[in-house]
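Participant: Here you go, entry-v2.cif (mmCIF, C-alpha atoms):
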data_my_file
loop_
_atom_site.label_atom_id
_atom_site.label_comp_id
_atom_site.auth_asym_id
_atom_site.auth_seq_id
_atom_site.Cartn_x
_atom_site.Cartn_y
_atom_site.Cartn_z
CA MET A 205 4.51 -29.18 -23.49
CA SER A 206 4.30 -25.61 -22.23
CA ALA A 207 7.20 -24.11 -20.35
CA LEU A 208 7.26 -24.18 -16.58
CA ALA A 209 7.64 -20.68 -15.11
CA VAL A 210 9.70 -20.34 -11.93
CA GLU A 211 9.57 -17.25 -9.73
CA GLY A 212 11.51 -16.80 -6.51
CA LEU A 213 10.27 -14.40 -3.87
CA ALA A 214 12.54 -13.60 -0.92
CA VAL A 215 10.26 -13.24 2.09
CA GLY A 216 10.45 -12.49 5.79
CA PRO A 217 13.29 -11.26 7.98
CA LEU A 218 15.46 -14.24 7.03
CA GLN A 219 14.88 -13.59 3.29
CA GLU A 220 13.79 -17.14 2.61
CA ASN A 221 13.12 -18.01 -1.02
CA ALA A 222 9.51 -18.99 -1.64
CA TRP A 223 9.32 -20.56 -5.11
CA LEU A 224 6.20 -20.16 -7.24
CA LEU A 225 5.94 -22.69 -10.07
CA THR A 226 3.30 -22.07 -12.72
CA ASP A 227 2.25 -24.04 -15.77
CA ALA A 228 0.56 -21.99 -18.49
CA GLU A 229 -0.96 -25.02 -20.19
CA SER A 230 -2.93 -26.28 -17.17
CA ARG A 231 -3.18 -22.84 -15.52
CA THR A 232 -2.04 -24.41 -12.27
CA ALA A 233 0.56 -23.42 -9.68
CA VAL A 234 2.55 -24.86 -6.79
CA PHE A 235 4.30 -23.02 -3.97
CA VAL A 236 7.53 -24.53 -2.67
CA ASP A 237 8.47 -23.40 0.86
CA PRO A 238 6.15 -20.41 1.34
CA GLY A 239 8.00 -19.05 4.36
CA ASP A 240 6.40 -15.68 5.20
CA GLU A 241 4.35 -12.75 3.88
CA PRO A 242 1.31 -14.81 2.81
CA GLU A 243 -0.61 -11.87 1.35
CA ARG A 244 2.34 -10.89 -0.83
CA LEU A 245 2.62 -14.48 -2.02
CA GLN A 246 -1.11 -14.61 -2.71
CA ARG A 247 -0.86 -11.45 -4.83
CA ALA A 248 2.01 -12.96 -6.81
CA LEU A 249 -0.08 -16.07 -7.41
CA GLU A 250 -3.11 -14.07 -8.53
CA ALA A 251 -0.96 -12.06 -10.94
CA THR A 252 -0.17 -15.28 -12.84
CA GLY A 253 -3.83 -16.12 -13.40
CA CYS A 254 -3.12 -19.67 -12.25
CA THR A 255 -4.85 -21.71 -9.57
CA LEU A 256 -2.82 -23.04 -6.64
CA ARG A 257 -2.95 -26.84 -6.51
CA ALA A 258 -0.46 -27.72 -3.76
CA ILE A 259 2.23 -26.61 -1.33
CA TRP A 260 5.47 -28.60 -1.39
CA LEU A 261 7.83 -28.30 1.58
CA THR A 262 11.51 -29.19 1.43
CA HIS A 263 11.55 -29.15 5.24
CA ALA A 264 9.70 -27.64 8.16
CA HIS A 265 11.89 -24.94 9.73
CA PHE A 266 9.74 -21.95 10.62
CA ASP A 267 11.16 -19.69 7.92
CA HIS A 268 9.93 -22.15 5.26
CA VAL A 269 6.38 -22.69 6.53
CA GLY A 270 5.29 -19.33 7.93
CA ALA A 271 2.92 -18.47 5.06
CA VAL A 272 1.23 -21.88 4.82
CA ALA A 273 -1.76 -21.01 7.01
CA GLY A 274 -2.33 -17.67 5.27
CA LEU A 275 -2.30 -19.27 1.82
CA LEU A 276 -4.66 -22.02 2.93
CA ARG A 277 -7.21 -19.41 3.95
CA HIS A 278 -7.43 -18.38 0.29
CA GLN A 279 -7.53 -21.90 -1.11
CA ALA A 280 -7.59 -25.32 0.54
CA VAL A 281 -4.79 -27.33 -1.07
CA PRO A 282 -2.70 -30.33 0.03
CA VAL A 283 0.50 -29.64 1.97
CA HIS A 284 3.29 -32.12 1.19
CA LEU A 285 5.91 -32.82 3.90
CA HIS A 286 8.23 -35.68 4.80
CA PRO A 287 6.98 -37.26 8.08
CA ALA A 288 10.44 -37.07 9.67
CA ASP A 289 9.99 -33.29 9.85
CA ARG A 290 6.56 -33.38 11.48
CA LEU A 291 7.92 -32.43 14.90
CA LEU A 292 9.65 -29.36 13.46
CA TYR A 293 6.45 -28.48 11.61
CA ASP A 294 4.28 -28.75 14.70
CA ARG A 295 6.73 -26.59 16.67
CA ALA A 296 7.35 -24.02 13.93
CA ALA A 297 5.60 -21.11 15.65
CA GLU A 298 7.34 -21.94 18.94
CA SER A 299 10.72 -22.07 17.18
CA ALA A 300 10.12 -18.70 15.53
CA ALA A 301 9.39 -17.19 18.94
CA LEU A 302 12.85 -18.24 20.11
CA TRP A 303 14.20 -15.85 17.46
CA ASP A 304 11.76 -13.11 18.59
CA LEU A 305 9.79 -13.67 15.40
CA ARG A 306 6.14 -14.52 14.93
CA ILE A 307 4.53 -16.83 12.42
CA GLU A 308 1.11 -18.40 12.32
CA SER A 309 1.05 -22.11 13.15
CA PRO A 310 0.74 -23.80 9.75
CA GLY A 311 -1.77 -26.50 10.69
CA ALA A 312 -1.45 -30.17 9.88
CA PRO A 313 0.22 -31.29 6.64
CA THR A 314 -1.94 -33.57 4.54
CA VAL A 315 0.32 -35.58 2.20
CA PRO A 316 3.43 -37.47 3.42
CA LEU A 317 6.47 -37.34 1.14
CA ALA A 318 8.87 -40.23 0.67
CA GLU A 319 12.01 -41.02 -1.29
CA GLY A 320 11.05 -42.04 -4.81
CA ASP A 321 7.76 -40.15 -4.94
CA THR A 322 6.90 -38.14 -8.04
CA LEU A 323 5.01 -34.85 -7.82
CA ALA A 324 3.68 -32.95 -10.81
CA ILE A 325 2.42 -29.58 -11.88
CA GLY A 326 0.52 -30.03 -15.08
CA ARG A 327 2.63 -32.42 -17.14
CA HIS A 328 5.88 -31.37 -15.41
CA ALA A 329 7.09 -34.11 -13.07
CA PHE A 330 9.52 -33.78 -10.16
CA ALA A 331 11.29 -36.58 -8.31
CA VAL A 332 11.38 -36.42 -4.51
CA TRP A 333 14.81 -37.12 -3.03
CA HIS A 334 15.10 -37.56 0.74
CA LEU A 335 18.27 -35.65 1.63
CA PRO A 336 18.56 -35.34 5.43
CA GLY A 337 21.22 -33.47 7.35
CA HIS A 338 19.95 -29.92 7.75
CA ALA A 339 16.70 -31.44 8.97
CA PRO A 340 15.70 -35.11 9.32
CA GLY A 341 12.92 -34.94 6.76
CA HIS A 342 14.64 -32.62 4.30
CA VAL A 343 13.86 -33.36 0.65
CA ALA A 344 14.67 -31.84 -2.73
CA PHE A 345 12.40 -31.66 -5.76
CA ILE A 346 14.29 -32.50 -8.95
CA GLY A 347 13.12 -32.32 -12.55
CA ASN A 348 12.64 -30.09 -15.58
CA GLY A 349 16.20 -28.81 -15.34
CA LEU A 350 15.67 -27.70 -11.73
CA CYS A 351 16.74 -28.74 -8.26
CA LEU A 352 14.65 -27.06 -5.55
CA SER A 353 17.23 -27.70 -2.87
CA GLY A 354 15.77 -26.07 0.22
CA ASP A 355 18.52 -25.51 2.77
CA LEU A 356 20.77 -28.32 1.60
CA LEU A 357 22.85 -26.41 -0.94
CA PHE A 358 23.34 -22.68 -1.43
CA ALA A 359 25.54 -20.69 -3.81
CA GLY A 360 28.94 -21.02 -2.15
CA SER A 361 27.65 -22.61 1.03
CA ILE A 362 25.37 -25.22 2.59
CA GLY A 363 22.67 -25.32 5.23
CA ARG A 364 23.46 -25.28 8.93
CA THR A 365 24.05 -28.52 10.82
CA ASP A 366 24.21 -27.01 14.32
CA LEU A 367 20.43 -26.81 14.73
CA PRO A 368 18.27 -29.25 16.71
CA PHE A 369 17.78 -32.56 14.87
CA ALA A 370 20.49 -31.73 12.30
CA ASP A 371 23.05 -34.41 11.40
CA PRO A 372 26.43 -33.38 9.91
CA ALA A 373 27.24 -36.91 8.66
CA ALA A 374 23.88 -37.21 6.93
CA MET A 375 24.46 -33.77 5.41
CA GLN A 376 27.72 -34.91 3.83
CA ALA A 377 26.04 -38.00 2.38
CA SER A 378 23.22 -35.87 0.99
CA LEU A 379 25.66 -33.41 -0.60
CA ALA A 380 27.60 -36.27 -2.19
CA ARG A 381 24.38 -37.57 -3.67
CA LEU A 382 23.39 -34.15 -4.97
CA ALA A 383 26.80 -33.79 -6.62
CA THR A 384 25.96 -36.70 -8.95
CA LEU A 385 23.38 -34.56 -10.75
CA ASP A 386 23.99 -32.96 -14.14
CA GLU A 387 26.26 -29.94 -13.83
CA ALA A 388 23.84 -27.79 -15.87
CA LEU A 389 21.02 -28.33 -13.39
CA ARG A 390 19.70 -25.04 -12.01
CA VAL A 391 19.69 -24.99 -8.21
CA CYS A 392 16.87 -22.97 -6.63
CA PRO A 393 17.93 -22.74 -2.98
CA GLY A 394 16.10 -21.79 0.18
CA HIS A 395 18.19 -18.64 0.61
CA GLY A 396 20.33 -16.53 -1.69
CA PRO A 397 20.83 -16.53 -5.46
CA ASP A 398 20.33 -19.33 -7.94
CA THR A 399 23.32 -21.42 -8.95
CA THR A 400 24.08 -24.66 -10.79
CA ILE A 401 25.41 -28.03 -9.73
CA GLY A 402 28.47 -27.49 -11.92
CA ALA A 403 29.27 -24.09 -10.44
CA GLU A 404 29.06 -25.49 -6.93
CA ARG A 405 31.21 -28.52 -7.74
CA ARG A 406 33.87 -26.12 -9.05
CA THR A 407 33.75 -23.42 -6.38
CA ASN A 408 31.82 -24.49 -3.28
CA PRO A 409 34.31 -25.76 -0.67
CA PHE A 410 31.62 -28.02 0.81
CA LEU A 411 30.89 -29.70 -2.54
CA ARG A 412 34.28 -29.79 -4.26
CA GLY A 413 35.20 -33.07 -2.60
CA ALA A 414 31.84 -34.70 -3.22
CA ALA A 415 31.40 -37.58 -5.63
CA ARG A 416 30.92 -36.87 -9.32
CA PRO A 417 28.82 -38.84 -11.77
CA ALA A 418 30.54 -41.89 -13.25
CA SER A 419 28.69 -41.46 -16.55
CA SER A 420 26.14 -39.21 -18.21
CA SER A 421 23.40 -41.77 -17.49
CA SER A 422 23.85 -41.25 -13.75
CA SER A 423 23.40 -37.49 -13.92
CA ARG A 424 19.87 -37.16 -15.26
CA SER A 425 17.77 -34.61 -13.43
CA SER A 426 14.56 -36.61 -13.37
#
Let me see whether you can do it: turn the structure in this file into structure tokens.
Facilitator:
Amino acid sequence: MSALAVEGLAVGPLQENAWLLTDAESRTAVFVDPGDEPERLQRALEATGCTLRAIWLTHAHFDHVGAVAGLLRHQAVPVHLHPADRLLYDRAAESAALWDLRIESPGAPTVPLAEGDTLAIGRHAFAVWHLPGHAPGHVAFIGNGLCLSGDLLFAGSIGRTDLPFADPAAMQASLARLATLDEALRVCPGHGPDTTIGAERRTNPFLRGAARPASSSSSRSS
């Protein structure tokens, strides 16, 4: 199986990480959380020579969906979103305006995500974990040595729980679940640098008290 290439592009005034996944074997690509600067993201896609097949969203805050409409003008692809975040998605442009920012309304998502789903790019499969707290429909995509964690877990920190529809108790439960993953798993967050589950269990004050895997069989990444 060919290697999966992972490129992070920090976009927009909030420097959100849009993740471009490409598979050389199938010449296909997926964007995870394309938050802003759609033309820049489109150029990055074209530079790979791959064809975009889907957009996967960890959640629907405006800084994670602002480039969706612009990308869809270049290619019509399915947009995957957990239904519990549909209200945030529909109000994304309005929410951005509250921060004196402007994004284009992303348009309706087309594929509902659910706990236990499997998404794939080429032959590379990712498990969908529903991990609410930062947002009600927040998910992570886990597989191939990666955890695309959205705004659940950052290097040294976690996502905010003081926003509308956030839930601090659900956030703690989601973090405890994430902490059961293999410590070598690479975390690709919604903001800031990459990290690993192990590094965060050792140093992140929000994760240090979280549960750890009881055995190696419980810590598989997919």
Participant: To test your reading of the syntax: which residues would the PyMOL selection byres ((chain A and resi 355-365) around 8) return for the file shown? Reply as an MDAnalysis selection string.
Facilitator: chainID A and resid 335 337:338 342 353:354 366:367 370:372 375 378:379 393:399 404 407:410
Participant: Which residue out of A:Glu220, A:Glu211, A:Asp227, A:Glu387 has the minimum interatomic distance to Gly349 of chain A when only C-alpha atoms are used?
Facilitator: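 Using only C-alpha atoms, Gly349 of chain A sits closest to A:Glu387.
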Participant: Excluding same-chain residues fewer than 4 positions from segment 259-265 of chain A, what lies within 6 Å of it counting all atoms listed in the file, as a PyMOL selection string?
Facilitator: chain A and resi 234-237+283-285+289+292-293+342-344+354
Participant: Find the residues near segment 319-327 of chain A: any atom within 7 Å, counting all atoms listed in the file, skip ones fewer than 2 places away on the same chain, and give them as an NGL selection string.
Facilitator: :A and (227 or 230 or 232-234 or 317 or 329-334)
Participant: Using the chain letters and numbers from the file, give me the residues hit by the PyMOL selection byres ((chain A and resi 278) around 12), as a PyMOL selection string.
Facilitator: chain A and resi 242-243+245-247+249-250+255-257+271-277+279-281
Participant: So what do you get for atom CA of Pro336 of chain A versus atom CA of Leu352 of chain A, distance-wise?
Facilitator: 14.3 Å
Participant: Can you work out the spacing between atom CA of Gly311 of chain A and atom CA of Glu241 of chain A in Å, to one decimal?
Facilitator: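 We find that atom CA of Gly311 of chain A and atom CA of Glu241 of chain A lie 16.5 Å from each other.
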Participant: For a quick check of understanding, using all atoms listed in the file, which of A:Cys351, A:Ala297, A:Ala251, A:Ala258 has the smallest distance to Ser309 of chain A?
Facilitator: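 Closest candidate: A:Ala297.
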Participant: Which distance in Å separates atom CA of Ile401 of chain A and atom CA of Leu385 of chain A, to one decimal?
Facilitator: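 Atom CA of Leu385 of chain A lies 6.9 Å from atom CA of Ile401 of chain A.
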Participant: Mind giving me the axis-aligned box for segment 342-359 of chain A with 6 Å on every side, centre plus edges in Å to one decimal, as AutoDock Vina command-line options?
Facilitator:
--center_x 19.0 --center_y -27.0 --center_z -5.6 --size_x 25.1 --size_y 24.7 --size_z 31.9
Participant: Closest to Pro282 of chain A among A:Pro316, A:Pro340, A:Thr400, A:Asn348, using only C-alpha atoms?
Facilitator: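 The answer is A:Pro316, which sits nearest to Pro282 of chain A.
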Participant: From the set A:Ala228, A:Ala312, A:Arg390, A:Ala380, which residue has the shortest atom-to-atom contact distance to Gly347 of chain A, counting all atoms listed in the file?
Facilitator: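 Closest to Gly347 of chain A, using all atoms listed in the file: A:Arg390.
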Participant: Complete the atom set of segment 286-302 of chain A to N, CA and C atoms and return it as a CSV table (one decimal), in the coordinates of the input.
Facilitator:
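See rebuild_21.csv below for the written result:
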chain,number,residue,atom,x,y,z
A,286,HIS,N,7.7,-34.4,4.4
A,286,HIS,CA,8.2,-35.7,4.8
A,286,HIS,C,7.9,-35.9,6.3
A,287,PRO,N,7.4,-37.1,6.7
A,287,PRO,CA,7.0,-37.3,8.1
A,287,PRO,C,8.1,-37.1,9.1
A,288,ALA,N,9.4,-37.2,8.7
A,288,ALA,CA,10.4,-37.1,9.7
A,288,ALA,C,10.6,-35.6,10.1
A,289,ASP,N,9.9,-34.7,9.4
A,289,ASP,CA,10.0,-33.3,9.8
A,289,ASP,C,8.7,-32.8,10.5
A,290,ARG,N,7.8,-33.8,10.9
A,290,ARG,CA,6.6,-33.4,11.5
A,290,ARG,C,6.7,-32.7,12.8
A,291,LEU,N,7.7,-33.1,13.6
A,291,LEU,CA,7.9,-32.4,14.9
A,291,LEU,C,8.3,-31.0,14.7
A,292,LEU,N,9.2,-30.7,13.8
A,292,LEU,CA,9.6,-29.4,13.5
A,292,LEU,C,8.5,-28.5,13.0
A,293,TYR,N,7.6,-29.2,12.2
A,293,TYR,CA,6.4,-28.5,11.6
A,293,TYR,C,5.5,-28.1,12.7
A,294,ASP,N,5.2,-29.0,13.6
A,294,ASP,CA,4.3,-28.8,14.7
A,294,ASP,C,4.8,-27.7,15.7
A,295,ARG,N,6.1,-27.6,15.8
A,295,ARG,CA,6.7,-26.6,16.7
A,295,ARG,C,7.2,-25.3,16.0
A,296,ALA,N,6.8,-25.1,14.7
A,296,ALA,CA,7.4,-24.0,13.9
A,296,ALA,C,7.1,-22.7,14.6
A,297,ALA,N,5.9,-22.4,15.0
A,297,ALA,CA,5.6,-21.1,15.6
A,297,ALA,C,6.4,-20.9,16.9
A,298,GLU,N,6.5,-22.0,17.7
A,298,GLU,CA,7.3,-21.9,18.9
A,298,GLU,C,8.8,-21.7,18.6
A,299,SER,N,9.3,-22.3,17.6
A,299,SER,CA,10.7,-22.1,17.2
A,299,SER,C,10.9,-20.6,16.7
A,300,ALA,N,10.0,-20.1,16.0
A,300,ALA,CA,10.1,-18.7,15.5
A,300,ALA,C,10.2,-17.8,16.7
A,301,ALA,N,9.4,-18.0,17.8
A,301,ALA,CA,9.4,-17.2,18.9
A,301,ALA,C,10.8,-17.1,19.6
A,302,LEU,N,11.5,-18.2,19.5
A,302,LEU,CA,12.8,-18.2,20.1
A,302,LEU,C,13.8,-17.2,19.4
